[in-house]
file data-v3.tsv (TSV, C-alpha atoms)
chain	number	residue	atom	x	y	z
A	1	MET	CA	-9.90	12.25	24.96
A	2	LYS	CA	-12.28	14.94	23.74
A	3	TYR	CA	-9.78	15.72	21.03
A	4	THR	CA	-9.54	12.07	20.00
A	5	SER	CA	-13.29	11.64	19.66
A	6	PHE	CA	-13.44	14.90	17.75
A	7	SER	CA	-10.76	13.71	15.31
A	8	ILE	CA	-12.58	10.41	14.86
A	9	LEU	CA	-15.77	12.33	14.15
A	10	LEU	CA	-13.93	14.55	11.72
A	11	VAL	CA	-12.45	11.55	9.91
A	12	LEU	CA	-15.93	9.99	9.74
A	13	ILE	CA	-17.44	13.18	8.31
A	14	VAL	CA	-14.68	13.44	5.71
A	15	LEU	CA	-15.06	9.75	4.89
A	16	SER	CA	-18.82	9.93	4.49
A	17	SER	CA	-18.59	12.99	2.26
A	18	PHE	CA	-16.12	11.21	0.01
A	19	SER	CA	-17.74	9.04	-2.62
A	20	PRO	CA	-15.49	6.35	-4.08
A	21	PRO	CA	-15.20	6.57	-7.87
A	22	SER	CA	-16.71	3.22	-8.81
A	23	GLY	CA	-17.12	-0.39	-7.86
A	24	TYR	CA	-19.14	-2.13	-5.19
A	25	GLN	CA	-20.03	-0.98	-1.71
A	26	PRO	CA	-21.12	-3.32	1.07
A	27	GLY	CA	-24.80	-4.10	0.42
A	28	ASP	CA	-24.50	-4.04	-3.39
A	29	LYS	CA	-25.39	-6.96	-5.63
A	30	ALA	CA	-22.32	-8.65	-7.05
A	31	LYS	CA	-22.06	-9.97	-10.58
A	32	ASP	CA	-21.40	-13.63	-11.12
A	33	PHE	CA	-18.40	-14.29	-13.31
A	34	LYS	CA	-17.28	-16.81	-15.84
A	35	LEU	CA	-13.52	-17.11	-15.92
A	36	ARG	CA	-10.90	-19.72	-16.70
A	37	SER	CA	-9.34	-21.42	-13.70
A	38	VAL	CA	-5.89	-22.98	-13.45
A	39	ASP	CA	-7.38	-26.43	-14.23
A	40	GLY	CA	-8.31	-25.05	-17.66
A	41	LYS	CA	-12.07	-25.15	-16.95
A	42	MET	CA	-14.41	-22.18	-16.87
A	43	TYR	CA	-15.70	-21.34	-13.41
A	44	SER	CA	-18.71	-19.33	-12.31
A	45	LEU	CA	-20.10	-18.69	-8.83
A	46	SER	CA	-23.57	-19.97	-9.78
A	47	GLN	CA	-22.26	-23.46	-10.48
A	48	ASP	CA	-21.54	-24.00	-6.77
A	49	LYS	CA	-25.10	-24.68	-5.63
A	50	GLU	CA	-24.11	-25.65	-2.09
A	51	ALA	CA	-22.27	-22.45	-1.22
A	52	LYS	CA	-23.92	-19.94	1.09
A	53	GLY	CA	-21.51	-17.34	-0.14
A	54	PHE	CA	-17.96	-16.80	-1.34
A	55	ILE	CA	-14.70	-15.24	-0.24
A	56	VAL	CA	-13.62	-13.64	-3.52
A	57	ILE	CA	-9.98	-12.54	-3.36
A	58	PHE	CA	-8.36	-10.48	-6.09
A	59	THR	CA	-4.75	-11.58	-5.79
A	60	CYS	CA	-1.78	-12.48	-7.96
A	61	ASN	CA	1.56	-14.27	-8.20
A	62	HIS	CA	4.07	-11.47	-8.14
A	63	CYS	CA	2.95	-9.04	-5.42
A	64	PRO	CA	4.85	-9.57	-2.15
A	65	PHE	CA	1.67	-8.75	-0.21
A	66	SER	CA	-0.22	-11.48	-2.04
A	67	VAL	CA	2.61	-13.93	-1.48
A	68	ALA	CA	2.69	-13.00	2.23
A	69	TYR	CA	-1.00	-13.90	2.44
A	70	GLU	CA	-0.94	-17.17	0.44
A	71	ASP	CA	-0.86	-19.45	3.48
A	72	ARG	CA	-3.57	-17.43	5.20
A	73	ILE	CA	-5.73	-17.63	2.06
A	74	LEU	CA	-5.29	-21.42	2.07
A	75	ALA	CA	-6.27	-21.48	5.75
A	76	LEU	CA	-9.38	-19.38	5.04
A	77	ASP	CA	-10.47	-21.82	2.34
A	78	LYS	CA	-9.85	-24.81	4.59
A	79	LYS	CA	-11.81	-23.32	7.46
A	80	TYR	CA	-14.74	-21.77	5.59
A	81	LYS	CA	-15.33	-24.13	2.67
A	82	THR	CA	-17.00	-26.58	5.05
A	83	LEU	CA	-19.10	-23.73	6.49
A	84	GLY	CA	-20.34	-22.83	3.00
A	85	TYR	CA	-17.98	-19.97	2.16
A	86	PRO	CA	-15.21	-21.20	-0.16
A	87	VAL	CA	-12.36	-19.02	-1.39
A	88	ILE	CA	-12.31	-17.97	-5.05
A	89	ALA	CA	-9.03	-16.33	-6.09
A	90	VAL	CA	-9.00	-14.03	-9.13
A	91	ASN	CA	-5.86	-12.68	-10.77
A	92	PRO	CA	-6.69	-9.39	-12.55
A	93	ASN	CA	-3.19	-8.31	-13.62
A	94	ASP	CA	-2.24	-7.73	-17.23
A	95	GLU	CA	0.31	-10.44	-18.00
A	96	ARG	CA	1.96	-8.23	-20.59
A	97	ILE	CA	2.92	-5.81	-17.82
A	98	VAL	CA	3.76	-8.52	-15.28
A	99	PRO	CA	4.83	-11.75	-17.00
A	100	ASP	CA	4.90	-13.44	-13.56
A	101	ASP	CA	1.12	-13.20	-13.62
A	102	SER	CA	0.64	-15.07	-16.91
A	103	PHE	CA	-1.84	-17.95	-16.98
A	104	ASP	CA	1.01	-20.50	-17.19
A	105	ASN	CA	2.67	-18.99	-14.14
A	106	MET	CA	-0.65	-19.05	-12.28
A	107	VAL	CA	-0.93	-22.78	-13.03
A	108	LYS	CA	2.61	-23.24	-11.76
A	109	ARG	CA	2.05	-21.28	-8.53
A	110	ALA	CA	-1.23	-23.09	-7.81
A	111	LYS	CA	0.62	-26.42	-8.12
A	112	GLU	CA	3.57	-25.31	-5.98
A	113	LYS	CA	1.33	-24.12	-3.16
A	114	ASN	CA	-1.35	-26.81	-3.61
A	115	PHE	CA	-4.17	-24.29	-3.97
A	116	THR	CA	-7.40	-25.92	-2.79
A	117	PHE	CA	-9.54	-23.22	-4.45
A	118	PRO	CA	-10.16	-22.04	-8.02
A	119	TYR	CA	-7.55	-19.55	-9.21
A	120	LEU	CA	-9.12	-17.62	-12.06
A	121	GLN	CA	-7.63	-15.28	-14.62
A	122	ASP	CA	-9.58	-12.08	-15.21
A	123	ALA	CA	-7.87	-11.60	-18.55
A	124	THR	CA	-10.07	-8.70	-19.70
A	125	GLN	CA	-10.03	-7.11	-16.21
A	126	TYR	CA	-13.79	-6.69	-16.59
A	127	TYR	CA	-14.61	-8.14	-13.16
A	128	ALA	CA	-11.89	-6.28	-11.27
A	129	ARG	CA	-13.35	-3.05	-12.70
A	130	GLU	CA	-16.93	-4.12	-12.04
A	131	TYR	CA	-16.14	-5.02	-8.40
A	132	GLY	CA	-13.94	-1.96	-7.96
A	133	ALA	CA	-10.85	-3.90	-6.91
A	134	GLN	CA	-7.77	-1.68	-6.73
A	135	ARG	CA	-5.08	-3.74	-5.13
A	136	THR	CA	-3.86	-7.25	-4.51
A	137	PRO	CA	-4.94	-8.81	-2.27
A	138	HIS	CA	-8.39	-7.22	-2.15
A	139	VAL	CA	-11.21	-9.24	-0.61
A	140	TYR	CA	-14.96	-9.27	-1.34
A	141	VAL	CA	-17.06	-11.47	0.95
A	142	LEU	CA	-20.35	-12.33	-0.79
A	143	GLN	CA	-23.47	-13.89	0.68
A	144	ARG	CA	-26.07	-15.70	-1.35
A	145	ASP	CA	-29.59	-14.34	-1.05
A	146	GLY	CA	-31.89	-16.41	-3.28
A	147	LYS	CA	-30.45	-15.93	-6.74
A	148	GLU	CA	-28.51	-12.83	-5.79
A	149	LEU	CA	-25.04	-12.42	-4.35
A	150	ILE	CA	-24.77	-9.57	-1.87
A	151	VAL	CA	-21.46	-7.89	-0.97
A	152	LYS	CA	-21.01	-8.11	2.80
A	153	TYR	CA	-17.39	-7.14	3.29
A	154	ILE	CA	-14.73	-5.33	1.24
A	155	GLY	CA	-11.11	-4.86	2.23
A	156	ALA	CA	-8.07	-6.43	3.79
A	157	ILE	CA	-7.68	-9.98	5.09
A	158	ASP	CA	-6.37	-8.90	8.49
A	159	ASN	CA	-4.40	-6.10	10.09
A	160	ASN	CA	-0.83	-7.32	9.75
A	161	THR	CA	0.54	-8.32	6.37
A	162	TYR	CA	4.13	-9.03	7.30
A	163	ASN	CA	3.73	-10.82	10.63
A	164	PRO	CA	0.81	-13.26	10.79
A	165	GLU	CA	1.61	-13.94	14.44
A	166	GLU	CA	1.03	-10.29	15.31
A	167	VAL	CA	-2.42	-10.08	13.76
A	168	THR	CA	-5.02	-8.68	16.16
A	169	GLU	CA	-7.98	-8.13	13.78
A	170	ARG	CA	-9.04	-10.91	11.42
A	171	TYR	CA	-11.41	-8.88	9.25
A	172	VAL	CA	-12.40	-11.60	6.78
A	173	GLU	CA	-12.75	-14.30	9.44
A	174	ASN	CA	-14.82	-12.00	11.64
A	175	ALA	CA	-17.09	-11.08	8.73
A	176	VAL	CA	-17.67	-14.68	7.64
A	177	ASN	CA	-18.15	-15.84	11.25
A	178	GLU	CA	-20.85	-13.20	11.67
A	179	LEU	CA	-22.54	-14.29	8.43
A	180	VAL	CA	-22.43	-17.94	9.49
A	181	GLU	CA	-24.04	-16.96	12.80
A	182	GLY	CA	-26.75	-15.04	10.94
A	183	LYS	CA	-25.51	-11.67	12.18
A	184	GLN	CA	-24.77	-8.42	10.40
A	185	VAL	CA	-21.13	-7.85	9.52
A	186	SER	CA	-19.88	-5.36	12.10
A	187	VAL	CA	-16.86	-4.15	10.09
A	188	PRO	CA	-18.01	-4.23	6.44
A	189	PHE	CA	-15.18	-2.12	5.01
A	190	THR	CA	-11.44	-1.73	5.60
A	191	LYS	CA	-8.57	-0.29	3.64
A	192	ALA	CA	-5.30	-2.02	3.00
A	193	ILE	CA	-2.09	-1.22	1.29
A	194	GLY	CA	-1.12	-3.59	-1.45
A	195	CYS	CA	0.20	-3.67	-4.99
A	196	THR	CA	-1.86	-1.75	-7.50
A	197	ILE	CA	-3.67	-3.88	-10.03
A	198	LYS	CA	-1.68	-3.69	-13.24
A	199	TRP	CA	-4.25	-2.31	-15.66
A	200	LYS	CA	-3.89	-2.79	-19.39
A	201	LYS	CA	-2.51	0.20	-21.15
A	202	SER	CA	-5.23	1.58	-23.39
B	1	MET	CA	61.28	18.48	14.58
B	2	ALA	CA	58.79	21.24	13.99
B	3	THR	CA	58.27	20.01	10.43
B	4	PHE	CA	57.71	16.52	11.74
B	5	ILE	CA	55.05	17.70	14.16
B	6	HIS	CA	53.49	19.70	11.40
B	7	LEU	CA	53.39	16.66	9.13
B	8	LYS	CA	51.98	14.60	11.92
B	9	SER	CA	49.23	17.09	12.57
B	10	MET	CA	48.55	17.25	8.83
B	11	LYS	CA	48.16	13.49	8.86
B	12	TRP	CA	45.82	13.82	11.78
B	13	ARG	CA	43.85	16.51	10.06
B	14	ILE	CA	43.47	14.34	7.00
B	15	THR	CA	42.44	11.39	9.14
B	16	ILE	CA	39.87	13.51	10.98
B	17	LEU	CA	38.60	14.92	7.69
B	18	LEU	CA	38.29	11.41	6.26
B	19	MET	CA	36.46	10.24	9.36
B	20	LEU	CA	34.12	13.21	9.16
B	21	ALA	CA	33.42	12.54	5.51
B	22	ALA	CA	32.74	8.90	6.25
B	23	SER	CA	30.35	9.74	9.06
B	24	ILE	CA	28.51	12.24	6.88
B	25	THR	CA	28.10	9.60	4.19
B	26	LEU	CA	26.88	7.13	6.79
B	27	CYS	CA	24.43	9.68	8.17
B	28	GLY	CA	22.94	10.07	4.72
B	29	GLN	CA	22.27	6.37	4.57
B	30	ASN	CA	20.73	6.10	7.98
B	31	ILE	CA	17.05	5.17	7.94
B	32	ASN	CA	15.01	5.94	11.01
B	33	VAL	CA	12.12	3.68	11.89
B	34	ILE	CA	9.03	5.64	12.88
B	35	LYS	CA	5.65	4.83	14.39
B	36	LEU	CA	2.24	6.43	14.05
B	37	GLN	CA	3.12	9.17	16.55
B	38	GLN	CA	6.01	10.49	14.46
B	39	LEU	CA	3.94	10.29	11.27
B	40	ASN	CA	1.29	12.35	13.03
B	41	ASP	CA	3.93	14.87	14.06
B	42	PHE	CA	4.87	15.31	10.43
B	43	LEU	CA	1.28	15.68	9.32
B	44	SER	CA	0.48	18.32	11.90
B	45	ARG	CA	3.51	20.60	11.56
B	46	HIS	CA	2.14	24.08	11.32
B	47	ASN	CA	4.89	26.04	9.62
B	48	ASP	CA	5.73	27.55	6.27
B	49	THR	CA	7.55	24.48	4.96
B	50	THR	CA	6.15	22.59	2.01
B	51	TYR	CA	6.31	18.90	2.86
B	52	ILE	CA	6.38	16.16	0.28
B	53	LEU	CA	5.66	12.74	1.78
B	54	ASN	CA	6.08	9.86	-0.60
B	55	PHE	CA	4.88	6.41	0.47
B	56	TRP	CA	6.83	3.68	-1.27
B	57	ALA	CA	8.44	0.24	-0.85
B	58	THR	CA	11.42	-1.52	-2.41
B	59	TRP	CA	9.11	-4.24	-3.75
B	60	CYS	CA	6.84	-1.74	-5.50
B	61	LYS	CA	8.06	-1.31	-9.09
B	62	PRO	CA	6.26	1.94	-9.95
B	63	CYS	CA	7.54	3.39	-6.64
B	64	VAL	CA	11.14	2.52	-7.47
B	65	LYS	CA	10.69	3.91	-10.96
B	66	GLU	CA	9.64	7.34	-9.69
B	67	LEU	CA	12.31	7.70	-6.97
B	68	PRO	CA	14.74	9.58	-9.26
B	69	SER	CA	12.04	12.26	-9.66
B	70	PHE	CA	12.23	12.91	-5.91
B	71	ASP	CA	16.01	13.11	-6.18
B	72	SER	CA	15.71	15.74	-8.92
B	73	LEU	CA	13.11	17.60	-6.89
B	74	TYR	CA	15.45	17.53	-3.90
B	75	GLU	CA	18.26	19.05	-5.94
B	76	SER	CA	16.06	21.71	-7.50
B	77	THR	CA	14.54	22.82	-4.19
B	78	LEU	CA	17.64	22.81	-1.98
B	79	LYS	CA	17.35	26.51	-1.24
B	80	ALA	CA	13.58	26.57	-0.78
B	81	LYS	CA	11.54	25.76	2.33
B	82	VAL	CA	10.84	22.27	1.09
B	83	ASN	CA	11.18	19.02	2.96
B	84	ILE	CA	11.02	15.75	1.05
B	85	VAL	CA	10.53	12.56	3.06
B	86	LEU	CA	10.39	9.11	1.51
B	87	ILE	CA	8.39	6.87	3.81
B	88	SER	CA	9.11	3.21	3.18
B	89	LEU	CA	6.40	0.68	3.96
B	90	ASP	CA	8.80	-2.22	3.73
B	91	ASN	CA	8.83	-4.87	6.41
B	92	VAL	CA	10.93	-3.56	9.31
B	93	ARG	CA	12.63	-6.96	9.41
B	94	GLU	CA	14.06	-6.24	5.98
B	95	LEU	CA	15.48	-2.84	6.92
B	96	GLU	CA	19.14	-3.89	7.09
B	97	ARG	CA	19.00	-6.62	4.48
B	98	LYS	CA	16.98	-4.85	1.82
B	99	VAL	CA	16.07	-1.21	2.42
B	100	VAL	CA	19.46	0.14	3.56
B	101	PRO	CA	21.46	-1.48	0.71
B	102	PHE	CA	18.81	-0.31	-1.76
B	103	ILE	CA	19.09	3.32	-0.61
B	104	GLN	CA	22.89	3.12	-0.65
B	105	GLN	CA	23.02	1.63	-4.09
B	106	LYS	CA	20.57	4.12	-5.57
B	107	ARG	CA	22.24	7.03	-3.72
B	108	ILE	CA	18.90	8.45	-2.70
B	109	MET	CA	19.32	12.03	-1.44
B	110	PRO	CA	16.08	12.91	0.41
B	111	GLU	CA	15.44	11.67	3.93
B	112	VAL	CA	14.17	8.09	4.13
B	113	LEU	CA	12.06	6.79	7.02
B	114	LEU	CA	10.49	3.39	7.51
B	115	LEU	CA	6.98	3.45	8.92
B	116	ASN	CA	6.59	0.41	11.15
B	117	GLU	CA	2.81	0.38	11.48
B	118	ALA	CA	1.38	-2.80	10.01
B	119	ASP	CA	-2.23	-1.90	10.78
B	120	TYR	CA	-2.92	0.39	7.83
B	121	ASN	CA	-6.46	1.13	8.88
B	122	LYS	CA	-5.05	2.95	11.88
B	123	TRP	CA	-3.25	5.61	9.88
B	124	ILE	CA	-4.14	5.62	6.19
B	125	ASP	CA	-7.09	8.02	6.65
B	126	LEU	CA	-4.94	10.35	8.71
B	127	VAL	CA	-2.74	10.86	5.66
B	128	GLU	CA	-5.63	11.25	3.24
B	129	PRO	CA	-9.23	10.00	3.57
B	130	SER	CA	-9.55	9.43	-0.19
B	131	TRP	CA	-6.47	7.20	-0.28
B	132	GLY	CA	-7.56	3.73	-1.34
B	133	GLY	CA	-4.34	2.13	-0.15
B	134	ALA	CA	-2.29	1.72	-3.30
B	135	ILE	CA	1.34	2.83	-3.45
B	136	PRO	CA	3.07	4.89	-4.65
B	137	ALA	CA	1.17	7.71	-3.01
B	138	THR	CA	2.42	11.26	-2.51
B	139	LEU	CA	1.11	14.01	-0.27
B	140	ILE	CA	2.26	17.60	-0.78
B	141	TYR	CA	1.16	20.10	1.85
B	142	ASN	CA	1.96	23.34	3.56
B	143	HIS	CA	-0.25	23.99	6.57
B	144	GLN	CA	0.47	27.69	6.68
B	145	ASN	CA	-0.41	28.57	3.09
B	146	LYS	CA	-3.07	25.80	2.99
B	147	PHE	CA	-1.63	24.15	-0.11
B	148	ARG	CA	-2.56	20.48	-0.34
B	149	LYS	CA	-2.31	17.92	-3.12
B	150	PHE	CA	-2.60	14.14	-2.88
B	151	ILE	CA	-1.42	11.90	-5.72
B	152	GLU	CA	-2.35	8.20	-5.59
B	153	GLY	CA	-0.30	6.36	-8.17
B	154	GLU	CA	2.76	7.27	-10.16
B	155	THR	CA	3.99	10.80	-10.51
B	156	ASP	CA	7.00	12.45	-12.18
B	157	PHE	CA	9.37	15.36	-11.72
B	158	LYS	CA	7.27	17.70	-13.86
B	159	GLU	CA	4.09	17.13	-11.84
B	160	LEU	CA	5.89	17.30	-8.49
B	161	SER	CA	7.73	20.42	-9.49
B	162	ARG	CA	4.52	22.11	-10.63
B	163	HIS	CA	2.77	21.46	-7.31
B	164	VAL	CA	5.75	22.46	-5.20
B	165	HIS	CA	6.06	25.71	-7.11
B	166	SER	CA	2.36	26.45	-6.68
B	167	SER	CA	2.83	25.99	-2.95
B	168	LEU	CA	5.95	28.19	-2.84
B	169	LYS	CA	4.13	30.84	-4.87
B	170	GLN	CA	1.21	30.75	-2.44
B	171	SER	CA	3.67	31.28	0.40
B	172	SER	CA	5.38	34.25	-1.22
B	173	GLU	CA	2.04	35.87	-2.05
B	174	ARG	CA	1.08	35.78	1.62
B	175	LYS	CA	4.11	37.79	2.58
call {"tool": "encode", "arguments": {"input": "data-v3.tsv", "output": "structure tokens"}}
result
Amino acid sequence: MKYTSFSILLVLIVLSSFSPPSGYQPGDKAKDFKLRSVDGKMYSLSQDKEAKGFIVIFTCNHCPFSVAYEDRILALDKKYKTLGYPVIAVNPNDERIVPDDSFDNMVKRAKEKNFTFPYLQDATQYYAREYGAQRTPHVYVLQRDGKELIVKYIGAIDNNTYNPEEVTERYVENAVNELVEGKQVSVPFTKAIGCTIKWKKS
Amino acid sequence: MATFIHLKSMKWRITILLMLAASITLCGQNINVIKLQQLNDFLSRHNDTTYILNFWATWCKPCVKELPSFDSLYESTLKAKVNIVLISLDNVRELERKVVPFIQQKRIMPEVLLLNEADYNKWIDLVEPSWGGAIPATLIYNHQNKFRKFIEGETDFKELSRHVHSSLKQSSERK
């Protein structure tokens, strides 16, 4: 037991001494974006005046992890849109590297799965870099504070990608529930394995 | 009669040899499923072996692309105290249908394990605190000579070989 708490402490020390290279941390202000959605229209977070915040998910068509989460992303939107936290999906992959992630294929996938949320293409990858997204899916829960958007949670959707029925920690749901109840987010950061974002070759 | 018996035993010998060969081939294709405990065992082995743990999955294109580099590394380090382990993060349900045929078809030489721990936040920091979670990811370490190198993202034979040789050099200098 002593050993376990010591290892946890050690991990925490190592974690706190490690500074991530770039991108947002919980508590940072998030940039609004203006990106084309699958309906052909430009979408920005500021145009949704009703929203109390957003569940921004960097995701894509081709990654098996993203595909495994599609139904859960739809369920998140269904549950939290009415509570003021709609899902906004953003595909940051370079379509020249992954043709499956082209705008046309995004339109197709959104139709097939009846996406109820905007599915935006981050064609220049500017926002994925700005937010610090590394993988798909990679979630950023934002809360509106006056004119600002504050990052409240960064990480995975839950703790079991392959088997939704074996999930024991619903990180995004927990975070948004806490925000809806006016509480602080108790787990503001998690890590998750996913597909790397396919960055443009410079 | 004696010749007959001899022939018969020859036949038997060949049969046994064939069976042995078959079982060796099958052994090479066997993929053990491990949990956090076994991963921890690997990470805490305090000996003079240089371990190369590569985290990959059949669905991860850059991972599949770099697998031949681990095969080459395996061949070039056969006589050294080097242990290469390819840890698949595929869904355990796809072990027989996808992972085993993949390994057979590609004739992967190093040991392959499948880590059946879906809750990444439980173990990812144990491997490397700076690991963001993307695969491929490769950890090269030798606890005795204190060599350690973590590569998040693609690597190649040249880079792997360079690190492994640094580690082996560190070991020989200690002696």
call {"tool": "closest_residue", "arguments": {"input": "data-v3.tsv", "among": "A:Ser186, A:Gln134, A:Ser66, A:Ser202", "to": "chain B", "atoms": "only C-alpha atoms"}}
result
A:Gln134
call {"tool": "closest_atom_pairs", "arguments": {"input": "data-v3.tsv", "of": "chain B", "to": "chain A", "cutoff": "8 Å", "atoms": "all atoms listed in the file", "output": "Markdown table"}}
result
| residue | atom | partner | partner_atom | distance |
| --- | --- | --- | --- | --- |
| B:Trp59 | CA | A:Pro64 | CA | 7.0 |
| B:Cys60 | CA | A:Cys195 | CA | 6.9 |
| B:Asn91 | CA | A:Tyr162 | CA | 6.3 |
| B:Ala118 | CA | A:Asn160 | CA | 5.0 |
| B:Asp119 | CA | A:Asn159 | CA | 4.8 |
| B:Tyr120 | CA | A:Ala192 | CA | 5.9 |
| B:Asn121 | CA | A:Lys191 | CA | 5.8 |
| B:Ile124 | CA | A:Lys191 | CA | 7.8 |
| B:Asp125 | CA | A:Val11 | CA | 7.2 |
| B:Leu126 | CA | A:Val11 | CA | 7.7 |
| B:Pro129 | CA | A:Leu15 | CA | 6.0 |
| B:Ser130 | CA | A:Phe18 | CA | 6.8 |
| B:Gly132 | CA | A:Lys191 | CA | 6.5 |
| B:Gly133 | CA | A:Ile193 | CA | 4.3 |
| B:Ala134 | CA | A:Ile193 | CA | 5.5 |
| B:Ile135 | CA | A:Cys195 | CA | 6.8 |
call {"tool": "closest_residue", "arguments": {"input": "data-v3.tsv", "among": "B:Ile31, B:Ser88, B:Phe150, B:Gln144", "to": "Glu117 (chain B)", "atoms": "only C-alpha atoms"}}
result
B:Ser88
call {"tool": "atom_distance", "arguments": {"input": "data-v3.tsv", "atom1": "CA of Asp94 (chain A)", "atom2": "CA of Tyr140 (chain A)"}}
result
20.4 Å
call {"tool": "closest_residue", "arguments": {"input": "data-v3.tsv", "among": "A:Ala123, A:Ile57, A:Ala110, A:Leu179", "to": "Asn93 (chain A)", "atoms": "all atoms listed in the file"}}
result
A:Ala123
call {"tool": "closest_residue", "arguments": {"input": "data-v3.tsv", "among": "B:Lys122, B:Leu114, B:Asn30, B:Ile108", "to": "Ser72 (chain B)", "atoms": "only C-alpha atoms"}}
result
B:Ile108
call {"tool": "atom_distance", "arguments": {"input": "data-v3.tsv", "atom1": "CA of Val172 (chain A)", "atom2": "CA of Lys61 (chain B)"}}
result
27.9 Å
call {"tool": "residues_around", "arguments": {"input": "data-v3.tsv", "residues": "Val187 (chain A)", "least_positions_apart": "6", "cutoff": "8 Å", "atoms": "all atoms listed in the file", "output": "list in words"}}
result
Tyr153, Tyr171 and Ala175 of chain A
